[in-house]
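S.K.: Got a structure here, written out as structure tokens. Questions coming.
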Amino acid sequence: MDRKYGWTDKGILGFIFAPLGAFFLALGVVLYSVGAGNEPDDPLMFLCVFGGMGVIFLLVGLGFLSVDLHRRSAMRRAVDSGDYVMAKIAGVQKRTNVNMGGTHPSVVECHWTNPDTGETHVFFSRYLYFDPTDMLTADEVPVYIDRMNEKAFYVDIDAVLPKVVVHR
């Protein structure tokens, strides 16, 4: 089965900042190499301003991308391990801090209590760009957990949803 690991707001920002930073860095290098400006120090100024901004944006973008790629890799490892628990679906929440195409995505919140420790774990699904409230086919959802790293998990929300086709 093809799993959808989704991108978070950090990954999306990384996709924006990294190319923007690479563009400004390249622009600063090109302006420096062609000797842009009228004064002798002008090319260095272009390199410092455009190149400096480019390096900052590029590093921030690559940082955001690496965090999200690491998260997706951990989710993949959790699924590949095959260890899962059945977590009770607690509800659906809108993520109002994210706006994609004029809509806020939803996440499904689910809870699982570890019988060994008595700790209750709260998990959230990937972003869903529709309201899944009336479509859920079960009260529990499988959550794949990496036993070596409890922060690595994957909520298999597609297991409790029918095939959904969104028309816009």
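In the structure tokens, chains take the letters A, B, ... in the order shown, each chain's residues start at 1, and ligands count up from 1 in the order shown.
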Need the shell around Gly52 (chain A): protein/DNA/RNA residues with any atom at most 9 Å away, counting only C-alpha atoms. Skip same-chain ones fewer than 5 positions apart. Format as a list in words?
M.R.: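 The contact residues come out as Phe24, Leu25, Gly28, Leu47 and Phe57 of chain A.
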S.K.: Which residues of region 37-134 of chain A sit at most 8 Å from region 149-167 of chain A, using only C-alpha atoms? Give each one's shortest atom pair and distance in Å (one decimal place), in chain and ascending residue order, as a tab-separated table.
M.R.:
```
residue	atom	partner	partner_atom	distance
A:Arg71	CA	A:Ala152	CA	7.4
A:Ala74	CA	A:Ala152	CA	5.2
A:Met75	CA	A:Tyr154	CA	5.3
A:Arg76	CA	A:Tyr154	CA	7.8
A:Arg77	CA	A:Ala152	CA	8.0
A:Ala78	CA	A:Phe153	CA	5.7
A:Val79	CA	A:Tyr154	CA	6.8
A:Val108	CA	A:Ile157	CA	7.8
A:Phe123	CA	A:Val155	CA	7.2
A:Phe124	CA	A:Val155	CA	6.9
A:Ser125	CA	A:Val155	CA	5.2
A:Arg126	CA	A:Val155	CA	7.5
A:Phe130	CA	A:Val166	CA	7.7
A:Pro132	CA	A:Leu161	CA	7.8
```
S.K.: Would you pick out the contacts of Glu140 (chain A) at 8 Å or less, using only C-alpha atoms, so that residues sharing its chain but fewer than 4 positions from it are not included, and give the list as an NGL selection string?
M.R.: :A and (86-89 or 110 or 160)
S.K.: Mind checking which residues fall within 9 Å of Asp83 (chain A), counting only C-alpha atoms, ignoring those fewer than 5 positions away in the same chain, and posting them as a count of residues only?
M.R.: 6
S.K.: Could you pull out all residues of region 53-163 of chain A with a DSSP call of alpha helix (DSSP H) and give them as a PDB file with all heavy atoms, in the first residue's frame?
M.R.:
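Just written: result-v3.pdb:
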```pdb
ATOM      1  N   MET A  53      21.951  37.580   1.878  1.00  0.00           N
ATOM      2  CA  MET A  53      20.530  37.222   2.003  1.00  0.00           C
ATOM      3  C   MET A  53      20.289  35.828   1.443  1.00  0.00           C
ATOM      4  O   MET A  53      19.530  35.043   2.008  1.00  0.00           O
ATOM      5  CB  MET A  53      19.658  38.242   1.255  1.00  0.00           C
ATOM      6  CG  MET A  53      19.634  39.608   1.867  1.00  0.00           C
ATOM      7  SD  MET A  53      18.443  39.738   3.186  1.00  0.00           S
ATOM      8  CE  MET A  53      16.931  39.474   2.323  1.00  0.00           C
ATOM      9  N   GLY A  54      20.938  35.537   0.328  1.00  0.00           N
ATOM     10  CA  GLY A  54      20.772  34.217  -0.290  1.00  0.00           C
ATOM     11  C   GLY A  54      21.258  33.100   0.607  1.00  0.00           C
ATOM     12  O   GLY A  54      20.584  32.073   0.746  1.00  0.00           O
ATOM     13  N   VAL A  55      22.409  33.291   1.238  1.00  0.00           N
ATOM     14  CA  VAL A  55      22.942  32.257   2.134  1.00  0.00           C
ATOM     15  C   VAL A  55      22.007  32.044   3.316  1.00  0.00           C
ATOM     16  O   VAL A  55      21.717  30.907   3.705  1.00  0.00           O
ATOM     17  CB  VAL A  55      24.366  32.641   2.611  1.00  0.00           C
ATOM     18  CG1 VAL A  55      24.815  31.774   3.769  1.00  0.00           C
ATOM     19  CG2 VAL A  55      25.347  32.541   1.470  1.00  0.00           C
ATOM     20  N   ILE A  56      21.506  33.137   3.888  1.00  0.00           N
ATOM     21  CA  ILE A  56      20.589  33.019   5.037  1.00  0.00           C
ATOM     22  C   ILE A  56      19.326  32.266   4.635  1.00  0.00           C
ATOM     23  O   ILE A  56      18.920  31.303   5.303  1.00  0.00           O
ATOM     24  CB  ILE A  56      20.256  34.414   5.607  1.00  0.00           C
ATOM     25  CG1 ILE A  56      21.495  35.016   6.261  1.00  0.00           C
ATOM     26  CG2 ILE A  56      19.106  34.339   6.608  1.00  0.00           C
ATOM     27  CD1 ILE A  56      21.355  36.476   6.625  1.00  0.00           C
ATOM     28  N   PHE A  57      18.689  32.672   3.545  1.00  0.00           N
ATOM     29  CA  PHE A  57      17.466  32.012   3.104  1.00  0.00           C
ATOM     30  C   PHE A  57      17.731  30.556   2.728  1.00  0.00           C
ATOM     31  O   PHE A  57      16.935  29.671   3.033  1.00  0.00           O
ATOM     32  CB  PHE A  57      16.853  32.749   1.909  1.00  0.00           C
ATOM     33  CG  PHE A  57      15.913  33.851   2.299  1.00  0.00           C
ATOM     34  CD1 PHE A  57      16.395  35.072   2.725  1.00  0.00           C
ATOM     35  CD2 PHE A  57      14.547  33.668   2.226  1.00  0.00           C
ATOM     36  CE1 PHE A  57      15.543  36.092   3.080  1.00  0.00           C
ATOM     37  CE2 PHE A  57      13.672  34.678   2.584  1.00  0.00           C
ATOM     38  CZ  PHE A  57      14.175  35.898   3.015  1.00  0.00           C
ATOM     39  N   LEU A  58      18.856  30.302   2.056  1.00  0.00           N
ATOM     40  CA  LEU A  58      19.194  28.936   1.650  1.00  0.00           C
ATOM     41  C   LEU A  58      19.400  28.043   2.865  1.00  0.00           C
ATOM     42  O   LEU A  58      18.864  26.930   2.927  1.00  0.00           O
ATOM     43  CB  LEU A  58      20.446  28.937   0.767  1.00  0.00           C
ATOM     44  CG  LEU A  58      20.902  27.585   0.233  1.00  0.00           C
ATOM     45  CD1 LEU A  58      19.843  26.986  -0.683  1.00  0.00           C
ATOM     46  CD2 LEU A  58      22.213  27.736  -0.519  1.00  0.00           C
ATOM     47  N   LEU A  59      20.151  28.515   3.862  1.00  0.00           N
ATOM     48  CA  LEU A  59      20.392  27.704   5.053  1.00  0.00           C
ATOM     49  C   LEU A  59      19.120  27.459   5.856  1.00  0.00           C
ATOM     50  O   LEU A  59      18.883  26.344   6.337  1.00  0.00           O
ATOM     51  CB  LEU A  59      21.461  28.356   5.927  1.00  0.00           C
ATOM     52  CG  LEU A  59      22.870  28.370   5.341  1.00  0.00           C
ATOM     53  CD1 LEU A  59      23.826  29.118   6.267  1.00  0.00           C
ATOM     54  CD2 LEU A  59      23.356  26.953   5.068  1.00  0.00           C
ATOM     55  N   VAL A  60      18.294  28.492   6.007  1.00  0.00           N
ATOM     56  CA  VAL A  60      17.025  28.317   6.727  1.00  0.00           C
ATOM     57  C   VAL A  60      16.120  27.337   5.963  1.00  0.00           C
ATOM     58  O   VAL A  60      15.521  26.431   6.557  1.00  0.00           O
ATOM     59  CB  VAL A  60      16.323  29.679   6.944  1.00  0.00           C
ATOM     60  CG1 VAL A  60      14.896  29.499   7.418  1.00  0.00           C
ATOM     61  CG2 VAL A  60      17.108  30.524   7.928  1.00  0.00           C
ATOM     62  N   GLY A  61      16.033  27.493   4.654  1.00  0.00           N
ATOM     63  CA  GLY A  61      15.210  26.593   3.844  1.00  0.00           C
ATOM     64  C   GLY A  61      15.696  25.160   3.905  1.00  0.00           C
ATOM     65  O   GLY A  61      14.903  24.224   4.060  1.00  0.00           O
ATOM     66  N   LEU A  62      17.011  24.969   3.794  1.00  0.00           N
ATOM     67  CA  LEU A  62      17.560  23.608   3.881  1.00  0.00           C
ATOM     68  C   LEU A  62      17.367  23.028   5.278  1.00  0.00           C
ATOM     69  O   LEU A  62      17.135  21.822   5.424  1.00  0.00           O
ATOM     70  CB  LEU A  62      19.038  23.613   3.494  1.00  0.00           C
ATOM     71  CG  LEU A  62      19.332  23.876   2.017  1.00  0.00           C
ATOM     72  CD1 LEU A  62      20.839  23.943   1.781  1.00  0.00           C
ATOM     73  CD2 LEU A  62      18.682  22.832   1.124  1.00  0.00           C
ATOM     74  N   GLY A  63      17.439  23.867   6.294  1.00  0.00           N
ATOM     75  CA  GLY A  63      17.182  23.402   7.661  1.00  0.00           C
ATOM     76  C   GLY A  63      15.751  22.914   7.823  1.00  0.00           C
ATOM     77  O   GLY A  63      15.511  21.836   8.372  1.00  0.00           O
ATOM     78  N   PHE A  64      14.787  23.716   7.344  1.00  0.00           N
ATOM     79  CA  PHE A  64      13.383  23.313   7.404  1.00  0.00           C
ATOM     80  C   PHE A  64      13.147  22.025   6.620  1.00  0.00           C
ATOM     81  O   PHE A  64      12.450  21.121   7.074  1.00  0.00           O
ATOM     82  CB  PHE A  64      12.475  24.420   6.865  1.00  0.00           C
ATOM     83  CG  PHE A  64      12.228  25.550   7.827  1.00  0.00           C
ATOM     84  CD1 PHE A  64      11.973  26.827   7.350  1.00  0.00           C
ATOM     85  CD2 PHE A  64      12.242  25.368   9.191  1.00  0.00           C
ATOM     86  CE1 PHE A  64      11.731  27.887   8.210  1.00  0.00           C
ATOM     87  CE2 PHE A  64      12.005  26.410  10.074  1.00  0.00           C
ATOM     88  CZ  PHE A  64      11.742  27.670   9.572  1.00  0.00           C
ATOM     89  N   LEU A  65      13.725  21.948   5.430  1.00  0.00           N
ATOM     90  CA  LEU A  65      13.565  20.740   4.613  1.00  0.00           C
ATOM     91  C   LEU A  65      14.164  19.517   5.299  1.00  0.00           C
ATOM     92  O   LEU A  65      13.564  18.441   5.291  1.00  0.00           O
ATOM     93  CB  LEU A  65      14.215  20.934   3.249  1.00  0.00           C
ATOM     94  CG  LEU A  65      13.339  21.520   2.159  1.00  0.00           C
ATOM     95  CD1 LEU A  65      14.155  21.750   0.893  1.00  0.00           C
ATOM     96  CD2 LEU A  65      12.157  20.642   1.861  1.00  0.00           C
ATOM     97  N   SER A  66      15.338  19.676   5.890  1.00  0.00           N
ATOM     98  CA  SER A  66      15.962  18.520   6.526  1.00  0.00           C
ATOM     99  C   SER A  66      15.161  18.039   7.737  1.00  0.00           C
ATOM    100  O   SER A  66      15.051  16.837   7.964  1.00  0.00           O
ATOM    101  CB  SER A  66      17.408  18.833   6.923  1.00  0.00           C
ATOM    102  OG  SER A  66      17.442  19.767   7.964  1.00  0.00           O
ATOM    103  N   VAL A  67      14.575  18.956   8.491  1.00  0.00           N
ATOM    104  CA  VAL A  67      13.733  18.564   9.628  1.00  0.00           C
ATOM    105  C   VAL A  67      12.536  17.757   9.132  1.00  0.00           C
ATOM    106  O   VAL A  67      12.208  16.704   9.684  1.00  0.00           O
ATOM    107  CB  VAL A  67      13.272  19.810  10.419  1.00  0.00           C
ATOM    108  CG1 VAL A  67      12.137  19.486  11.369  1.00  0.00           C
ATOM    109  CG2 VAL A  67      14.434  20.413  11.181  1.00  0.00           C
ATOM    110  N   ASP A  68      11.889  18.228   8.079  1.00  0.00           N
ATOM    111  CA  ASP A  68      10.710  17.528   7.581  1.00  0.00           C
ATOM    112  C   ASP A  68      11.081  16.211   6.903  1.00  0.00           C
ATOM    113  O   ASP A  68      10.361  15.223   7.027  1.00  0.00           O
ATOM    114  CB  ASP A  68       9.905  18.417   6.634  1.00  0.00           C
ATOM    115  CG  ASP A  68       8.417  18.141   6.729  1.00  0.00           C
ATOM    116  OD1 ASP A  68       7.959  17.733   7.815  1.00  0.00           O
ATOM    117  OD2 ASP A  68       7.718  18.319   5.722  1.00  0.00           O
ATOM    118  N   LEU A  69      12.196  16.174   6.193  1.00  0.00           N
ATOM    119  CA  LEU A  69      12.631  14.917   5.581  1.00  0.00           C
ATOM    120  C   LEU A  69      13.012  13.898   6.651  1.00  0.00           C
ATOM    121  O   LEU A  69      12.744  12.699   6.500  1.00  0.00           O
ATOM    122  CB  LEU A  69      13.795  15.165   4.627  1.00  0.00           C
ATOM    123  CG  LEU A  69      13.421  15.866   3.315  1.00  0.00           C
ATOM    124  CD1 LEU A  69      14.676  16.233   2.538  1.00  0.00           C
ATOM    125  CD2 LEU A  69      12.503  15.005   2.483  1.00  0.00           C
ATOM    126  N   HIS A  70      13.610  14.353   7.733  1.00  0.00           N
ATOM    127  CA  HIS A  70      13.933  13.457   8.846  1.00  0.00           C
ATOM    128  C   HIS A  70      12.654  12.891   9.470  1.00  0.00           C
ATOM    129  O   HIS A  70      12.573  11.703   9.789  1.00  0.00           O
ATOM    130  CB  HIS A  70      14.774  14.188   9.889  1.00  0.00           C
ATOM    131  CG  HIS A  70      15.103  13.358  11.089  1.00  0.00           C
ATOM    132  ND1 HIS A  70      15.935  12.271  11.027  1.00  0.00           N
ATOM    133  CD2 HIS A  70      14.695  13.448  12.373  1.00  0.00           C
ATOM    134  CE1 HIS A  70      16.021  11.715  12.225  1.00  0.00           C
ATOM    135  NE2 HIS A  70      15.285  12.425  13.050  1.00  0.00           N
ATOM    136  N   ARG A  71      11.647  13.742   9.637  1.00  0.00           N
ATOM    137  CA  ARG A  71      10.354  13.301  10.184  1.00  0.00           C
ATOM    138  C   ARG A  71       9.727  12.248   9.282  1.00  0.00           C
ATOM    139  O   ARG A  71       9.259  11.215   9.741  1.00  0.00           O
ATOM    140  CB  ARG A  71       9.409  14.502  10.339  1.00  0.00           C
ATOM    141  CG  ARG A  71       8.019  14.150  10.859  1.00  0.00           C
ATOM    142  CD  ARG A  71       7.048  15.310  10.657  1.00  0.00           C
ATOM    143  NE  ARG A  71       6.852  15.633   9.262  1.00  0.00           N
ATOM    144  CZ  ARG A  71       5.977  15.021   8.464  1.00  0.00           C
ATOM    145  NH1 ARG A  71       5.233  14.045   8.918  1.00  0.00           N
ATOM    146  NH2 ARG A  71       5.842  15.386   7.208  1.00  0.00           N
ATOM    147  N   ARG A  72       9.751  12.493   7.971  1.00  0.00           N
ATOM    148  CA  ARG A  72       9.170  11.538   7.019  1.00  0.00           C
ATOM    149  C   ARG A  72       9.949  10.223   7.016  1.00  0.00           C
ATOM    150  O   ARG A  72       9.364   9.146   6.918  1.00  0.00           O
ATOM    151  CB  ARG A  72       9.139  12.149   5.622  1.00  0.00           C
ATOM    152  CG  ARG A  72       8.126  13.283   5.488  1.00  0.00           C
ATOM    153  CD  ARG A  72       8.324  14.061   4.204  1.00  0.00           C
ATOM    154  NE  ARG A  72       8.261  13.239   3.022  1.00  0.00           N
ATOM    155  CZ  ARG A  72       7.179  13.031   2.284  1.00  0.00           C
ATOM    156  NH1 ARG A  72       6.057  13.608   2.635  1.00  0.00           N
ATOM    157  NH2 ARG A  72       7.228  12.288   1.207  1.00  0.00           N
ATOM    158  N   SER A  73      11.264  10.300   7.148  1.00  0.00           N
ATOM    159  CA  SER A  73      12.088   9.091   7.204  1.00  0.00           C
ATOM    160  C   SER A  73      11.766   8.275   8.460  1.00  0.00           C
ATOM    161  O   SER A  73      11.694   7.043   8.410  1.00  0.00           O
ATOM    162  CB  SER A  73      13.564   9.481   7.174  1.00  0.00           C
ATOM    163  OG  SER A  73      14.381   8.379   7.415  1.00  0.00           O
ATOM    164  N   ALA A  74      11.586   8.950   9.586  1.00  0.00           N
ATOM    165  CA  ALA A  74      11.226   8.268  10.827  1.00  0.00           C
ATOM    166  C   ALA A  74       9.859   7.608  10.708  1.00  0.00           C
ATOM    167  O   ALA A  74       9.658   6.484  11.201  1.00  0.00           O
ATOM    168  CB  ALA A  74      11.247   9.256  11.991  1.00  0.00           C
ATOM    169  N   MET A  75       8.930   8.267  10.054  1.00  0.00           N
ATOM    170  CA  MET A  75       7.606   7.675   9.834  1.00  0.00           C
ATOM    171  C   MET A  75       7.726   6.422   8.970  1.00  0.00           C
ATOM    172  O   MET A  75       7.081   5.404   9.247  1.00  0.00           O
ATOM    173  CB  MET A  75       6.668   8.692   9.171  1.00  0.00           C
ATOM    174  CG  MET A  75       6.286   9.841  10.059  1.00  0.00           C
ATOM    175  SD  MET A  75       5.439  11.156   9.183  1.00  0.00           S
ATOM    176  CE  MET A  75       3.799  10.481   9.064  1.00  0.00           C
ATOM    177  N   ARG A  76       8.542   6.492   7.945  1.00  0.00           N
ATOM    178  CA  ARG A  76       8.755   5.347   7.058  1.00  0.00           C
ATOM    179  C   ARG A  76       9.350   4.165   7.833  1.00  0.00           C
ATOM    180  O   ARG A  76       8.944   3.022   7.656  1.00  0.00           O
ATOM    181  CB  ARG A  76       9.649   5.765   5.894  1.00  0.00           C
ATOM    182  CG  ARG A  76       9.504   4.929   4.668  1.00  0.00           C
ATOM    183  CD  ARG A  76      10.227   5.526   3.460  1.00  0.00           C
ATOM    184  NE  ARG A  76       9.473   6.664   2.914  1.00  0.00           N
ATOM    185  CZ  ARG A  76       9.900   7.928   2.899  1.00  0.00           C
ATOM    186  NH1 ARG A  76      11.077   8.250   3.373  1.00  0.00           N
ATOM    187  NH2 ARG A  76       9.153   8.879   2.390  1.00  0.00           N
ATOM    188  N   ARG A  77      10.316   4.445   8.715  1.00  0.00           N
ATOM    189  CA  ARG A  77      10.913   3.393   9.544  1.00  0.00           C
ATOM    190  C   ARG A  77       9.875   2.774  10.472  1.00  0.00           C
ATOM    191  O   ARG A  77       9.873   1.568  10.691  1.00  0.00           O
ATOM    192  CB  ARG A  77      12.069   3.950  10.377  1.00  0.00           C
ATOM    193  CG  ARG A  77      13.391   3.951   9.680  1.00  0.00           C
ATOM    194  CD  ARG A  77      14.543   4.201  10.655  1.00  0.00           C
ATOM    195  NE  ARG A  77      14.309   5.238  11.649  1.00  0.00           N
ATOM    196  CZ  ARG A  77      14.508   6.530  11.453  1.00  0.00           C
ATOM    197  NH1 ARG A  77      14.910   6.974  10.281  1.00  0.00           N
ATOM    198  NH2 ARG A  77      14.289   7.401  12.423  1.00  0.00           N
ATOM    199  N   ALA A  78       8.999   3.595  11.040  1.00  0.00           N
ATOM    200  CA  ALA A  78       7.961   3.083  11.938  1.00  0.00           C
ATOM    201  C   ALA A  78       7.020   2.140  11.186  1.00  0.00           C
ATOM    202  O   ALA A  78       6.659   1.079  11.687  1.00  0.00           O
ATOM    203  CB  ALA A  78       7.179   4.239  12.563  1.00  0.00           C
ATOM    204  N   VAL A  79       6.630   2.523   9.982  1.00  0.00           N
ATOM    205  CA  VAL A  79       5.745   1.670   9.184  1.00  0.00           C
ATOM    206  C   VAL A  79       6.465   0.385   8.785  1.00  0.00           C
ATOM    207  O   VAL A  79       5.902  -0.710   8.865  1.00  0.00           O
ATOM    208  CB  VAL A  79       5.225   2.421   7.929  1.00  0.00           C
ATOM    209  CG1 VAL A  79       4.518   1.482   6.984  1.00  0.00           C
ATOM    210  CG2 VAL A  79       4.303   3.555   8.349  1.00  0.00           C
ATOM    211  N   ASP A  80       7.727   0.504   8.389  1.00  0.00           N
ATOM    212  CA  ASP A  80       8.493  -0.668   7.970  1.00  0.00           C
ATOM    213  C   ASP A  80       8.720  -1.651   9.117  1.00  0.00           C
ATOM    214  O   ASP A  80       8.863  -2.850   8.888  1.00  0.00           O
ATOM    215  CB  ASP A  80       9.833  -0.257   7.368  1.00  0.00           C
ATOM    216  CG  ASP A  80       9.678   0.428   6.022  1.00  0.00           C
ATOM    217  OD1 ASP A  80       8.586   0.312   5.419  1.00  0.00           O
ATOM    218  OD2 ASP A  80      10.646   1.084   5.571  1.00  0.00           O
ATOM    219  N   SER A  81       8.752  -1.146  10.366  1.00  0.00           N
ATOM    220  CA  SER A  81       8.941  -2.042  11.509  1.00  0.00           C
ATOM    221  C   SER A  81       7.732  -2.948  11.703  1.00  0.00           C
ATOM    222  O   SER A  81       7.855  -4.044  12.223  1.00  0.00           O
ATOM    223  CB  SER A  81       9.209  -1.236  12.784  1.00  0.00           C
ATOM    224  OG  SER A  81       8.018  -0.657  13.275  1.00  0.00           O
TER     225      SER A  81
END
```
